[in-house]
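Shown below: work-v3.txt, with compact mmCIF, N, CA and C atoms.
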# COMPACT_ATOMS: atom_id res chain seq x y z
N MET A 518 34.16 -8.87 0.00
CA MET A 518 33.10 -9.22 -0.91
C MET A 518 33.06 -10.74 -1.01
N ARG A 519 31.84 -11.31 -0.85
CA ARG A 519 31.67 -12.75 -0.97
C ARG A 519 30.86 -13.08 -2.22
N HIS A 520 31.18 -14.21 -2.84
CA HIS A 520 30.49 -14.66 -4.05
C HIS A 520 29.94 -16.06 -3.83
N ASP A 521 28.87 -16.40 -4.56
CA ASP A 521 28.37 -17.77 -4.51
C ASP A 521 29.11 -18.61 -5.55
N ARG A 522 28.70 -19.86 -5.73
CA ARG A 522 29.39 -20.76 -6.66
C ARG A 522 29.34 -20.30 -8.10
N ASP A 523 28.28 -19.55 -8.45
CA ASP A 523 28.14 -19.06 -9.83
C ASP A 523 28.81 -17.72 -10.06
N GLY A 524 29.48 -17.19 -9.04
CA GLY A 524 30.19 -15.93 -9.19
C GLY A 524 29.38 -14.69 -8.87
N ARG A 525 28.11 -14.87 -8.44
CA ARG A 525 27.28 -13.73 -8.08
C ARG A 525 27.68 -13.22 -6.70
N ILE A 526 27.59 -11.91 -6.52
CA ILE A 526 27.93 -11.30 -5.23
C ILE A 526 26.83 -11.63 -4.22
N THR A 527 27.23 -12.18 -3.07
CA THR A 527 26.26 -12.47 -2.02
C THR A 527 26.41 -11.54 -0.82
N GLU A 528 27.56 -10.92 -0.67
CA GLU A 528 27.78 -10.03 0.47
C GLU A 528 28.85 -9.01 0.13
N ILE A 529 28.57 -7.77 0.53
CA ILE A 529 29.53 -6.68 0.37
C ILE A 529 29.68 -6.06 1.75
N GLY A 530 30.89 -5.73 2.14
CA GLY A 530 31.08 -5.18 3.47
C GLY A 530 32.08 -4.05 3.49
N ALA A 531 32.10 -3.33 4.60
CA ALA A 531 33.05 -2.23 4.82
C ALA A 531 33.57 -2.35 6.25
N ARG A 532 34.69 -1.71 6.52
CA ARG A 532 35.30 -1.78 7.85
C ARG A 532 34.88 -0.62 8.74
N THR A 533 34.10 0.31 8.23
CA THR A 533 33.69 1.48 9.00
C THR A 533 32.17 1.53 9.12
N ARG A 534 31.68 2.42 9.99
CA ARG A 534 30.24 2.60 10.14
C ARG A 534 29.65 3.28 8.91
N THR A 535 30.40 4.17 8.32
CA THR A 535 29.94 4.89 7.14
C THR A 535 29.82 3.94 5.96
N ILE A 536 28.72 4.06 5.25
CA ILE A 536 28.47 3.17 4.11
C ILE A 536 29.18 3.72 2.88
N PRO A 537 30.13 2.97 2.32
CA PRO A 537 30.83 3.45 1.12
C PRO A 537 29.90 3.49 -0.09
N PRO A 538 30.26 4.29 -1.10
CA PRO A 538 29.39 4.48 -2.27
C PRO A 538 28.97 3.17 -2.97
N ALA A 539 29.88 2.23 -3.15
CA ALA A 539 29.52 0.98 -3.83
C ALA A 539 28.49 0.19 -3.03
N LEU A 540 28.66 0.16 -1.72
CA LEU A 540 27.72 -0.55 -0.86
C LEU A 540 26.36 0.16 -0.84
N ARG A 541 26.38 1.49 -0.85
CA ARG A 541 25.13 2.26 -0.89
C ARG A 541 24.37 1.98 -2.19
N ARG A 542 25.08 1.91 -3.30
CA ARG A 542 24.43 1.60 -4.58
C ARG A 542 23.81 0.21 -4.56
N ALA A 543 24.53 -0.76 -3.99
CA ALA A 543 23.99 -2.12 -3.89
C ALA A 543 22.76 -2.14 -2.98
N LEU A 544 22.78 -1.38 -1.90
CA LEU A 544 21.65 -1.29 -0.98
C LEU A 544 20.44 -0.67 -1.67
N GLN A 545 20.66 0.41 -2.41
CA GLN A 545 19.55 1.05 -3.13
C GLN A 545 19.00 0.14 -4.21
N HIS A 546 19.87 -0.60 -4.86
CA HIS A 546 19.42 -1.52 -5.91
C HIS A 546 18.59 -2.65 -5.30
N ARG A 547 19.02 -3.17 -4.14
CA ARG A 547 18.30 -4.27 -3.50
C ARG A 547 16.96 -3.82 -2.92
N ASP A 548 16.96 -2.72 -2.15
CA ASP A 548 15.75 -2.31 -1.42
C ASP A 548 14.79 -1.48 -2.25
N ARG A 549 15.26 -0.76 -3.23
CA ARG A 549 14.40 0.05 -4.12
C ARG A 549 13.58 1.09 -3.38
N GLY A 550 14.01 1.51 -2.20
CA GLY A 550 13.28 2.52 -1.44
C GLY A 550 13.15 2.12 0.01
N CYS A 551 12.43 2.93 0.75
CA CYS A 551 12.26 2.72 2.19
C CYS A 551 11.60 1.37 2.44
N ARG A 552 12.18 0.60 3.35
CA ARG A 552 11.69 -0.75 3.66
C ARG A 552 10.63 -0.76 4.77
N PHE A 553 10.29 0.41 5.32
CA PHE A 553 9.28 0.46 6.36
C PHE A 553 7.95 0.07 5.73
N PRO A 554 7.18 -0.81 6.36
CA PRO A 554 5.93 -1.28 5.74
C PRO A 554 4.99 -0.14 5.32
N GLY A 555 4.60 -0.17 4.06
CA GLY A 555 3.66 0.80 3.54
C GLY A 555 4.26 2.10 3.05
N CYS A 556 5.57 2.28 3.19
CA CYS A 556 6.16 3.57 2.81
C CYS A 556 6.54 3.59 1.33
N GLY A 557 7.62 2.95 0.98
CA GLY A 557 8.02 2.88 -0.42
C GLY A 557 8.63 4.13 -1.01
N ARG A 558 9.02 5.14 -0.18
CA ARG A 558 9.71 6.30 -0.76
C ARG A 558 10.94 5.81 -1.50
N SER A 559 11.24 6.44 -2.60
CA SER A 559 12.25 5.89 -3.50
C SER A 559 13.70 6.08 -3.06
N PHE A 560 13.95 6.89 -2.07
CA PHE A 560 15.33 7.03 -1.60
C PHE A 560 15.34 7.09 -0.09
N GLY A 561 16.50 6.85 0.49
CA GLY A 561 16.55 6.84 1.94
C GLY A 561 17.96 6.80 2.47
N GLN A 562 18.07 6.46 3.74
CA GLN A 562 19.34 6.40 4.45
C GLN A 562 19.59 4.95 4.84
N GLY A 563 20.85 4.57 4.86
CA GLY A 563 21.20 3.22 5.27
C GLY A 563 21.08 3.08 6.78
N HIS A 564 20.44 2.03 7.23
CA HIS A 564 20.26 1.78 8.66
C HIS A 564 20.88 0.43 9.00
N HIS A 565 21.73 0.40 10.04
CA HIS A 565 22.29 -0.85 10.53
C HIS A 565 21.21 -1.60 11.32
N ILE A 566 20.85 -2.79 10.89
CA ILE A 566 19.84 -3.58 11.59
C ILE A 566 20.35 -3.94 12.99
N ARG A 567 21.53 -4.51 13.04
CA ARG A 567 22.23 -4.68 14.32
C ARG A 567 23.18 -3.50 14.41
N HIS A 568 22.97 -2.65 15.39
CA HIS A 568 23.67 -1.36 15.48
C HIS A 568 25.19 -1.53 15.49
N TRP A 569 25.85 -0.60 14.83
CA TRP A 569 27.31 -0.60 14.74
C TRP A 569 27.95 -0.61 16.14
N ALA A 570 27.39 0.14 17.07
CA ALA A 570 27.94 0.22 18.43
C ALA A 570 27.82 -1.12 19.16
N HIS A 571 26.92 -1.99 18.72
CA HIS A 571 26.74 -3.31 19.35
C HIS A 571 27.39 -4.41 18.53
N GLY A 572 28.33 -4.04 17.68
CA GLY A 572 29.06 -5.03 16.89
C GLY A 572 28.47 -5.36 15.55
N GLY A 573 27.46 -4.62 15.12
CA GLY A 573 26.84 -4.87 13.82
C GLY A 573 27.75 -4.42 12.70
N PRO A 574 28.02 -5.27 11.74
CA PRO A 574 28.92 -4.91 10.65
C PRO A 574 28.23 -4.03 9.60
N THR A 575 29.03 -3.31 8.86
CA THR A 575 28.50 -2.54 7.73
C THR A 575 28.56 -3.45 6.51
N THR A 576 27.59 -4.34 6.44
CA THR A 576 27.48 -5.28 5.32
C THR A 576 26.08 -5.16 4.74
N LEU A 577 25.94 -5.58 3.53
CA LEU A 577 24.65 -5.49 2.85
C LEU A 577 23.57 -6.26 3.62
N SER A 578 23.93 -7.40 4.19
CA SER A 578 22.95 -8.20 4.92
C SER A 578 22.54 -7.57 6.25
N ASN A 579 23.30 -6.59 6.75
CA ASN A 579 22.98 -5.93 8.02
C ASN A 579 22.44 -4.52 7.81
N LEU A 580 22.13 -4.17 6.58
CA LEU A 580 21.64 -2.82 6.28
C LEU A 580 20.22 -2.88 5.71
N ALA A 581 19.48 -1.83 5.98
CA ALA A 581 18.15 -1.65 5.37
C ALA A 581 18.03 -0.19 5.00
N LEU A 582 17.37 0.08 3.90
CA LEU A 582 17.16 1.45 3.46
C LEU A 582 15.88 1.97 4.09
N LEU A 583 15.98 3.10 4.80
CA LEU A 583 14.83 3.74 5.42
C LEU A 583 14.80 5.20 5.03
N CYS A 584 13.61 5.74 4.78
CA CYS A 584 13.50 7.17 4.51
C CYS A 584 13.84 7.92 5.80
N ARG A 585 14.06 9.20 5.70
CA ARG A 585 14.48 9.99 6.85
C ARG A 585 13.47 9.88 8.01
N ARG A 586 12.20 9.97 7.67
CA ARG A 586 11.15 9.92 8.70
C ARG A 586 11.16 8.59 9.45
N HIS A 587 11.24 7.47 8.71
CA HIS A 587 11.20 6.16 9.35
C HIS A 587 12.53 5.82 10.02
N HIS A 588 13.64 6.36 9.52
CA HIS A 588 14.92 6.16 10.18
C HIS A 588 14.88 6.81 11.56
N ARG A 589 14.31 8.01 11.63
CA ARG A 589 14.14 8.69 12.91
C ARG A 589 13.19 7.92 13.81
N ALA A 590 12.13 7.36 13.25
CA ALA A 590 11.17 6.58 14.04
C ALA A 590 11.83 5.37 14.68
N VAL A 591 12.74 4.74 13.95
CA VAL A 591 13.44 3.58 14.50
C VAL A 591 14.37 3.99 15.64
N HIS A 592 15.08 5.09 15.47
CA HIS A 592 16.06 5.51 16.48
C HIS A 592 15.44 6.25 17.66
N GLU A 593 14.35 6.96 17.45
CA GLU A 593 13.83 7.83 18.51
C GLU A 593 12.44 7.47 19.02
N GLU A 594 11.66 6.71 18.27
CA GLU A 594 10.27 6.46 18.66
C GLU A 594 10.00 5.01 19.04
N GLY A 595 11.03 4.20 19.11
CA GLY A 595 10.85 2.83 19.59
C GLY A 595 10.50 1.79 18.55
N HIS A 596 10.43 2.15 17.27
CA HIS A 596 10.18 1.14 16.24
C HIS A 596 11.44 0.30 16.07
N ARG A 597 11.27 -0.92 15.58
CA ARG A 597 12.42 -1.81 15.39
C ARG A 597 12.45 -2.36 13.98
N VAL A 598 13.64 -2.62 13.53
CA VAL A 598 13.85 -3.33 12.27
C VAL A 598 14.53 -4.63 12.66
N GLU A 599 13.95 -5.74 12.26
CA GLU A 599 14.51 -7.04 12.59
C GLU A 599 14.77 -7.84 11.34
N GLN A 600 15.75 -8.69 11.44
CA GLN A 600 16.07 -9.60 10.36
C GLN A 600 15.56 -10.96 10.76
N ALA A 601 14.70 -11.52 9.97
CA ALA A 601 14.12 -12.82 10.31
C ALA A 601 14.15 -13.72 9.09
N PRO A 602 14.27 -15.03 9.31
CA PRO A 602 14.22 -15.95 8.16
C PRO A 602 12.83 -15.89 7.53
N VAL A 603 12.78 -15.72 6.25
CA VAL A 603 11.49 -15.54 5.59
C VAL A 603 11.12 -16.70 4.67
N ASP A 604 11.99 -17.67 4.55
CA ASP A 604 11.71 -18.77 3.61
C ASP A 604 10.39 -19.48 3.93
N ALA A 605 10.18 -19.82 5.20
CA ALA A 605 8.94 -20.53 5.58
C ALA A 605 7.73 -19.64 5.35
N LEU A 606 7.86 -18.36 5.64
CA LEU A 606 6.76 -17.43 5.44
C LEU A 606 6.42 -17.29 3.96
N LEU A 607 7.44 -17.21 3.11
CA LEU A 607 7.21 -17.10 1.67
C LEU A 607 6.51 -18.35 1.12
N VAL A 608 6.93 -19.52 1.60
CA VAL A 608 6.29 -20.77 1.17
C VAL A 608 4.83 -20.77 1.57
N ARG A 609 4.56 -20.35 2.81
CA ARG A 609 3.17 -20.31 3.29
C ARG A 609 2.34 -19.32 2.49
N HIS A 610 2.90 -18.15 2.22
CA HIS A 610 2.17 -17.15 1.43
C HIS A 610 1.88 -17.67 0.02
N ASP A 611 2.86 -18.31 -0.61
CA ASP A 611 2.63 -18.87 -1.94
C ASP A 611 1.53 -19.92 -1.92
N ALA A 612 1.53 -20.76 -0.88
CA ALA A 612 0.51 -21.80 -0.77
C ALA A 612 -0.89 -21.20 -0.61
N GLU A 613 -0.97 -20.05 0.06
CA GLU A 613 -2.27 -19.41 0.29
C GLU A 613 -2.62 -18.40 -0.80
N GLY A 614 -1.74 -18.22 -1.77
CA GLY A 614 -2.00 -17.28 -2.85
C GLY A 614 -1.84 -15.82 -2.46
N LEU A 615 -1.08 -15.54 -1.42
CA LEU A 615 -0.85 -14.16 -0.99
C LEU A 615 0.34 -13.57 -1.73
N HIS A 616 0.19 -12.35 -2.17
CA HIS A 616 1.27 -11.65 -2.84
C HIS A 616 1.47 -10.32 -2.12
N ILE A 617 2.40 -10.30 -1.17
CA ILE A 617 2.64 -9.12 -0.36
C ILE A 617 3.76 -8.31 -0.99
N HIS A 618 3.55 -7.00 -1.08
CA HIS A 618 4.54 -6.09 -1.66
C HIS A 618 4.56 -4.81 -0.84
N ALA A 619 5.34 -3.84 -1.25
CA ALA A 619 5.54 -2.61 -0.47
C ALA A 619 4.25 -1.82 -0.25
N ARG A 620 3.28 -1.95 -1.15
CA ARG A 620 2.05 -1.17 -1.01
C ARG A 620 0.88 -1.98 -0.43
N THR A 621 1.14 -3.18 0.06
CA THR A 621 0.09 -4.03 0.61
C THR A 621 -0.64 -3.35 1.76
N ALA A 622 0.09 -2.68 2.63
CA ALA A 622 -0.53 -2.06 3.82
C ALA A 622 -1.10 -0.67 3.54
N MET A 623 -1.00 -0.20 2.31
CA MET A 623 -1.51 1.13 1.99
C MET A 623 -3.04 1.08 1.88
N PRO A 624 -3.73 2.01 2.51
CA PRO A 624 -5.19 2.00 2.43
C PRO A 624 -5.68 2.39 1.04
N GLY A 625 -6.85 1.92 0.69
CA GLY A 625 -7.43 2.23 -0.60
C GLY A 625 -8.39 3.42 -0.55
N TRP A 626 -8.29 4.21 0.50
CA TRP A 626 -9.20 5.33 0.71
C TRP A 626 -8.96 6.42 -0.33
N LEU A 627 -10.04 6.93 -0.90
CA LEU A 627 -9.95 7.94 -1.95
C LEU A 627 -10.39 9.32 -1.50
N GLY A 628 -10.60 9.52 -0.19
CA GLY A 628 -10.96 10.83 0.33
C GLY A 628 -12.44 11.02 0.57
N GLU A 629 -13.26 9.99 0.32
CA GLU A 629 -14.70 10.14 0.55
C GLU A 629 -14.99 10.20 2.04
N ARG A 630 -16.18 10.71 2.38
CA ARG A 630 -16.58 10.84 3.79
C ARG A 630 -16.83 9.47 4.40
N LEU A 631 -16.57 9.36 5.68
CA LEU A 631 -16.77 8.12 6.40
C LEU A 631 -18.24 7.92 6.73
N ASP A 632 -18.78 6.76 6.41
CA ASP A 632 -20.13 6.38 6.81
C ASP A 632 -20.00 5.73 8.19
N VAL A 633 -20.21 6.53 9.24
CA VAL A 633 -19.95 6.09 10.61
C VAL A 633 -20.83 4.90 10.99
N GLY A 634 -22.10 4.95 10.63
CA GLY A 634 -23.01 3.84 10.96
C GLY A 634 -22.53 2.53 10.37
N TYR A 635 -22.13 2.56 9.10
CA TYR A 635 -21.62 1.36 8.44
C TYR A 635 -20.34 0.88 9.12
N ALA A 636 -19.44 1.80 9.44
CA ALA A 636 -18.18 1.44 10.09
C ALA A 636 -18.42 0.76 11.43
N ILE A 637 -19.35 1.29 12.21
CA ILE A 637 -19.67 0.68 13.51
C ILE A 637 -20.27 -0.70 13.31
N ASP A 638 -21.18 -0.84 12.36
CA ASP A 638 -21.78 -2.15 12.09
C ASP A 638 -20.73 -3.19 11.72
N VAL A 639 -19.77 -2.80 10.91
CA VAL A 639 -18.76 -3.74 10.45
C VAL A 639 -17.75 -4.05 11.54
N LEU A 640 -17.32 -3.04 12.28
CA LEU A 640 -16.25 -3.22 13.24
C LEU A 640 -16.69 -3.68 14.62
N HIS A 641 -17.94 -3.50 14.96
CA HIS A 641 -18.38 -3.85 16.30
C HIS A 641 -19.55 -4.82 16.21
N PRO A 642 -19.33 -6.10 16.43
CA PRO A 642 -20.40 -7.09 16.23
C PRO A 642 -21.59 -6.90 17.17
N VAL A 643 -21.39 -6.39 18.38
CA VAL A 643 -22.51 -6.16 19.30
C VAL A 643 -23.44 -5.10 18.73
N ALA A 644 -22.87 -4.02 18.19
CA ALA A 644 -23.68 -2.96 17.60
C ALA A 644 -24.47 -3.49 16.41
N ALA A 645 -23.89 -4.37 15.63
CA ALA A 645 -24.58 -4.94 14.48
C ALA A 645 -25.76 -5.78 14.92
N ARG A 646 -25.60 -6.57 16.00
CA ARG A 646 -26.70 -7.40 16.51
C ARG A 646 -27.84 -6.55 17.05
N VAL A 647 -27.49 -5.48 17.78
CA VAL A 647 -28.52 -4.59 18.34
C VAL A 647 -29.29 -3.93 17.21
N ARG A 648 -28.58 -3.44 16.20
CA ARG A 648 -29.24 -2.76 15.08
C ARG A 648 -30.17 -3.72 14.34
N THR A 649 -29.74 -4.96 14.15
CA THR A 649 -30.58 -5.94 13.47
C THR A 649 -31.84 -6.22 14.27
N ALA A 650 -31.70 -6.33 15.60
CA ALA A 650 -32.86 -6.59 16.45
C ALA A 650 -33.84 -5.41 16.40
N VAL A 651 -33.35 -4.19 16.40
CA VAL A 651 -34.19 -3.00 16.34
C VAL A 651 -34.91 -2.95 15.00
N GLU A 652 -34.23 -3.22 13.89
CA GLU A 652 -34.83 -3.21 12.57
C GLU A 652 -35.92 -4.28 12.49
N PHE A 653 -35.70 -5.45 13.11
CA PHE A 653 -36.66 -6.52 13.11
C PHE A 653 -37.93 -6.12 13.88
N ASP A 654 -37.73 -5.48 15.05
CA ASP A 654 -38.87 -5.04 15.86
C ASP A 654 -39.71 -3.97 15.15
N THR A 655 -39.07 -3.01 14.49
CA THR A 655 -39.81 -1.96 13.80
C THR A 655 -40.53 -2.49 12.58
N ALA A 656 -40.03 -3.57 12.02
CA ALA A 656 -40.69 -4.16 10.84
C ALA A 656 -42.01 -4.81 11.22
N ARG A 657 -42.15 -5.25 12.48
CA ARG A 657 -43.37 -5.90 12.96
C ARG A 657 -44.48 -4.88 13.22
N ILE A 658 -44.12 -3.63 13.49
CA ILE A 658 -45.11 -2.61 13.85
C ILE A 658 -45.91 -2.16 12.67
Would you give me this structure, written as structure tokens?
Amino acid sequence: MRHDRDGRITEIGARTRTIPPALRRALQHRDRGCRFPGCGRSFGQGHHIRHWAHGGPTTLSNLALLCRRHHRAVHEEGHRVEQAPVDALLVRHDAEGLHIHARTAMPGWLGERLDVGYAIDVLHPVAARVRTAVEFDTARI
């Protein structure tokens, strides 16, 4: 266990691949649920970011909480979990007024039917130009 100058815990580790109960509690407290973007399920499994077989330690800084579905996706479907420095990204987001959280990527869809014409106009600029030209021509007639 490592502490900072003020006595706060900065790192907890174990000597085995299995996550001990104290480390699991710290992981659940830190992650508050599945860390896969847009998921947010409230409980999950500990995942070694750098795999144990490749020398990854069982430490809080090398673990992420993933729900069962996303843990399987990482191991079997080719998804990856990476650890990256986020300080510069956080500064940039603050400067731009962005507030990203676990539900940022969640769609706001409420179950209504899709307006296909509107979707094509918005998503495909060529279709929007053609439609505008057709509307303009019919207005002259």
10 Å contact set for Gln562 in chain A, only C-alpha atoms, chain neighbours under 5 positions out, as a compact mmCIF listing (two decimals) with N, CA and C atoms, in the frame of the given file:
# COMPACT_ATOMS: atom_id res chain seq x y z
N ILE A 536 28.72 4.06 5.25
CA ILE A 536 28.47 3.17 4.11
C ILE A 536 29.18 3.72 2.88
N ARG A 541 26.38 1.49 -0.85
CA ARG A 541 25.13 2.26 -0.89
C ARG A 541 24.37 1.98 -2.19
N LEU A 544 22.78 -1.38 -1.90
CA LEU A 544 21.65 -1.29 -0.98
C LEU A 544 20.44 -0.67 -1.67
N GLN A 545 20.66 0.41 -2.41
CA GLN A 545 19.55 1.05 -3.13
C GLN A 545 19.00 0.14 -4.21
N GLY A 550 14.01 1.51 -2.20
CA GLY A 550 13.28 2.52 -1.44
C GLY A 550 13.15 2.12 0.01
N CYS A 551 12.43 2.93 0.75
CA CYS A 551 12.26 2.72 2.19
C CYS A 551 11.60 1.37 2.44
N LEU A 580 22.13 -4.17 6.58
CA LEU A 580 21.64 -2.82 6.28
C LEU A 580 20.22 -2.88 5.71
N ALA A 581 19.48 -1.83 5.98
CA ALA A 581 18.15 -1.65 5.37
C ALA A 581 18.03 -0.19 5.00
N LEU A 582 17.37 0.08 3.90
CA LEU A 582 17.16 1.45 3.46
C LEU A 582 15.88 1.97 4.09
N LEU A 583 15.98 3.10 4.80
CA LEU A 583 14.83 3.74 5.42
C LEU A 583 14.80 5.20 5.03
N CYS A 584 13.61 5.74 4.78
CA CYS A 584 13.50 7.17 4.51
C CYS A 584 13.84 7.92 5.80
N ARG A 585 14.06 9.20 5.70
CA ARG A 585 14.48 9.99 6.85
C ARG A 585 13.47 9.88 8.01
N ARG A 586 12.20 9.97 7.67
CA ARG A 586 11.15 9.92 8.70
C ARG A 586 11.16 8.59 9.45
N HIS A 587 11.24 7.47 8.71
CA HIS A 587 11.20 6.16 9.35
C HIS A 587 12.53 5.82 10.02
N HIS A 588 13.64 6.36 9.52
CA HIS A 588 14.92 6.16 10.18
C HIS A 588 14.88 6.81 11.56
* **Straight-line distance linking CA of Ile566 in chain A with CA of Gln600 in chain A, stated in Å to one decimal** => 7.2 Å
* To do: Within range 585-654 of chain A, find each residue whose DSSP state, derived from the backbone, is alpha helix (DSSP H), and express the selection as a count of residues only.
  => 40
* Have a look at CA of Arg525 in chain A and CA of Asn579 in chain A and let me know their distance in Å, one decimal. =>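 Between CA of Arg525 in chain A and CA of Asn579 in chain A the gap is 18.4 Å.
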* Asked: Between atom N of Pro538 in chain A and atom N of Glu599 in chain A, what is the spacing in Å?
  -> 23.3 Å
* May I have all residues of chain A that DSSP, computed from the backbone, assigns to strand (DSSP E or B), given as a PyMOL selection string? => chain A and resi 519-520+526-528+530-531+562-565+575-576+580-583
* **Near-Ala622 in chain A list (8 Å; all atoms listed in the file; drop same-chain fewer than 6 positions) as a ChimeraX atom specification** => /A:554-556
As a PDB file, keeping the file's coordinate frame, the rebuilt range 547-555 of chain A with all heavy atoms:
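So out16.pdb came out as:
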ATOM      1  N   ARG A 547      19.020  -3.170  -4.140  1.00  0.00           N
ATOM      2  CA  ARG A 547      18.300  -4.270  -3.500  1.00  0.00           C
ATOM      3  C   ARG A 547      16.960  -3.820  -2.920  1.00  0.00           C
ATOM      4  O   ARG A 547      15.928  -4.432  -3.141  1.00  0.00           O
ATOM      5  CB  ARG A 547      19.153  -4.884  -2.390  1.00  0.00           C
ATOM      6  CG  ARG A 547      18.473  -6.096  -1.750  1.00  0.00           C
ATOM      7  CD  ARG A 547      19.096  -6.492  -0.448  1.00  0.00           C
ATOM      8  NE  ARG A 547      18.826  -5.471   0.565  1.00  0.00           N
ATOM      9  CZ  ARG A 547      19.451  -5.409   1.724  1.00  0.00           C
ATOM     10  NH1 ARG A 547      20.377  -6.290   2.017  1.00  0.00           N
ATOM     11  NH2 ARG A 547      19.157  -4.459   2.591  1.00  0.00           N
ATOM     12  N   ASP A 548      16.960  -2.720  -2.150  1.00  0.00           N
ATOM     13  CA  ASP A 548      15.750  -2.310  -1.420  1.00  0.00           C
ATOM     14  C   ASP A 548      14.790  -1.480  -2.250  1.00  0.00           C
ATOM     15  O   ASP A 548      13.598  -1.452  -1.970  1.00  0.00           O
ATOM     16  CB  ASP A 548      16.141  -1.543  -0.152  1.00  0.00           C
ATOM     17  CG  ASP A 548      16.745  -2.455   0.898  1.00  0.00           C
ATOM     18  OD1 ASP A 548      16.795  -3.684   0.676  1.00  0.00           O
ATOM     19  OD2 ASP A 548      17.162  -1.945   1.938  1.00  0.00           O
ATOM     20  N   ARG A 549      15.260  -0.760  -3.230  1.00  0.00           N
ATOM     21  CA  ARG A 549      14.400   0.050  -4.120  1.00  0.00           C
ATOM     22  C   ARG A 549      13.580   1.090  -3.380  1.00  0.00           C
ATOM     23  O   ARG A 549      12.520   1.465  -3.830  1.00  0.00           O
ATOM     24  CB  ARG A 549      13.471  -0.834  -4.928  1.00  0.00           C
ATOM     25  CG  ARG A 549      14.132  -1.900  -5.717  1.00  0.00           C
ATOM     26  CD  ARG A 549      14.356  -1.450  -7.110  1.00  0.00           C
ATOM     27  NE  ARG A 549      14.883  -2.553  -7.881  1.00  0.00           N
ATOM     28  CZ  ARG A 549      15.807  -2.395  -8.797  1.00  0.00           C
ATOM     29  NH1 ARG A 549      16.277  -1.220  -9.065  1.00  0.00           N
ATOM     30  NH2 ARG A 549      16.238  -3.433  -9.461  1.00  0.00           N
ATOM     31  N   GLY A 550      14.010   1.510  -2.200  1.00  0.00           N
ATOM     32  CA  GLY A 550      13.280   2.520  -1.440  1.00  0.00           C
ATOM     33  C   GLY A 550      13.150   2.120   0.010  1.00  0.00           C
ATOM     34  O   GLY A 550      13.666   1.095   0.447  1.00  0.00           O
ATOM     35  N   CYS A 551      12.430   2.930   0.750  1.00  0.00           N
ATOM     36  CA  CYS A 551      12.260   2.720   2.190  1.00  0.00           C
ATOM     37  C   CYS A 551      11.600   1.370   2.440  1.00  0.00           C
ATOM     38  O   CYS A 551      10.579   1.039   1.844  1.00  0.00           O
ATOM     39  CB  CYS A 551      11.414   3.844   2.786  1.00  0.00           C
ATOM     40  SG  CYS A 551      11.153   3.676   4.564  1.00  0.00           S
ATOM     41  N   ARG A 552      12.180   0.600   3.350  1.00  0.00           N
ATOM     42  CA  ARG A 552      11.690  -0.750   3.660  1.00  0.00           C
ATOM     43  C   ARG A 552      10.630  -0.760   4.770  1.00  0.00           C
ATOM     44  O   ARG A 552      10.119  -1.808   5.114  1.00  0.00           O
ATOM     45  CB  ARG A 552      12.856  -1.644   4.077  1.00  0.00           C
ATOM     46  CG  ARG A 552      13.914  -1.803   3.012  1.00  0.00           C
ATOM     47  CD  ARG A 552      13.438  -2.598   1.874  1.00  0.00           C
ATOM     48  NE  ARG A 552      13.215  -3.944   2.353  1.00  0.00           N
ATOM     49  CZ  ARG A 552      12.820  -4.948   1.627  1.00  0.00           C
ATOM     50  NH1 ARG A 552      12.585  -4.773   0.354  1.00  0.00           N
ATOM     51  NH2 ARG A 552      12.630  -6.134   2.147  1.00  0.00           N
ATOM     52  N   PHE A 553      10.290   0.410   5.320  1.00  0.00           N
ATOM     53  CA  PHE A 553       9.280   0.460   6.360  1.00  0.00           C
ATOM     54  C   PHE A 553       7.950   0.070   5.730  1.00  0.00           C
ATOM     55  O   PHE A 553       7.606   0.566   4.654  1.00  0.00           O
ATOM     56  CB  PHE A 553       9.210   1.884   6.946  1.00  0.00           C
ATOM     57  CG  PHE A 553       8.590   1.953   8.300  1.00  0.00           C
ATOM     58  CD1 PHE A 553       9.360   1.819   9.439  1.00  0.00           C
ATOM     59  CD2 PHE A 553       7.233   2.159   8.443  1.00  0.00           C
ATOM     60  CE1 PHE A 553       8.796   1.879  10.694  1.00  0.00           C
ATOM     61  CE2 PHE A 553       6.652   2.231   9.692  1.00  0.00           C
ATOM     62  CZ  PHE A 553       7.438   2.090  10.826  1.00  0.00           C
ATOM     63  N   PRO A 554       7.180  -0.810   6.360  1.00  0.00           N
ATOM     64  CA  PRO A 554       5.930  -1.280   5.740  1.00  0.00           C
ATOM     65  C   PRO A 554       4.990  -0.140   5.320  1.00  0.00           C
ATOM     66  O   PRO A 554       4.675   0.733   6.111  1.00  0.00           O
ATOM     67  CB  PRO A 554       5.285  -2.118   6.862  1.00  0.00           C
ATOM     68  CG  PRO A 554       6.434  -2.555   7.701  1.00  0.00           C
ATOM     69  CD  PRO A 554       7.422  -1.427   7.655  1.00  0.00           C
ATOM     70  N   GLY A 555       4.600  -0.170   4.060  1.00  0.00           N
ATOM     71  CA  GLY A 555       3.660   0.800   3.540  1.00  0.00           C
ATOM     72  C   GLY A 555       4.260   2.100   3.050  1.00  0.00           C
ATOM     73  O   GLY A 555       3.545   2.947   2.555  1.00  0.00           O
TER      74      GLY A 555
END
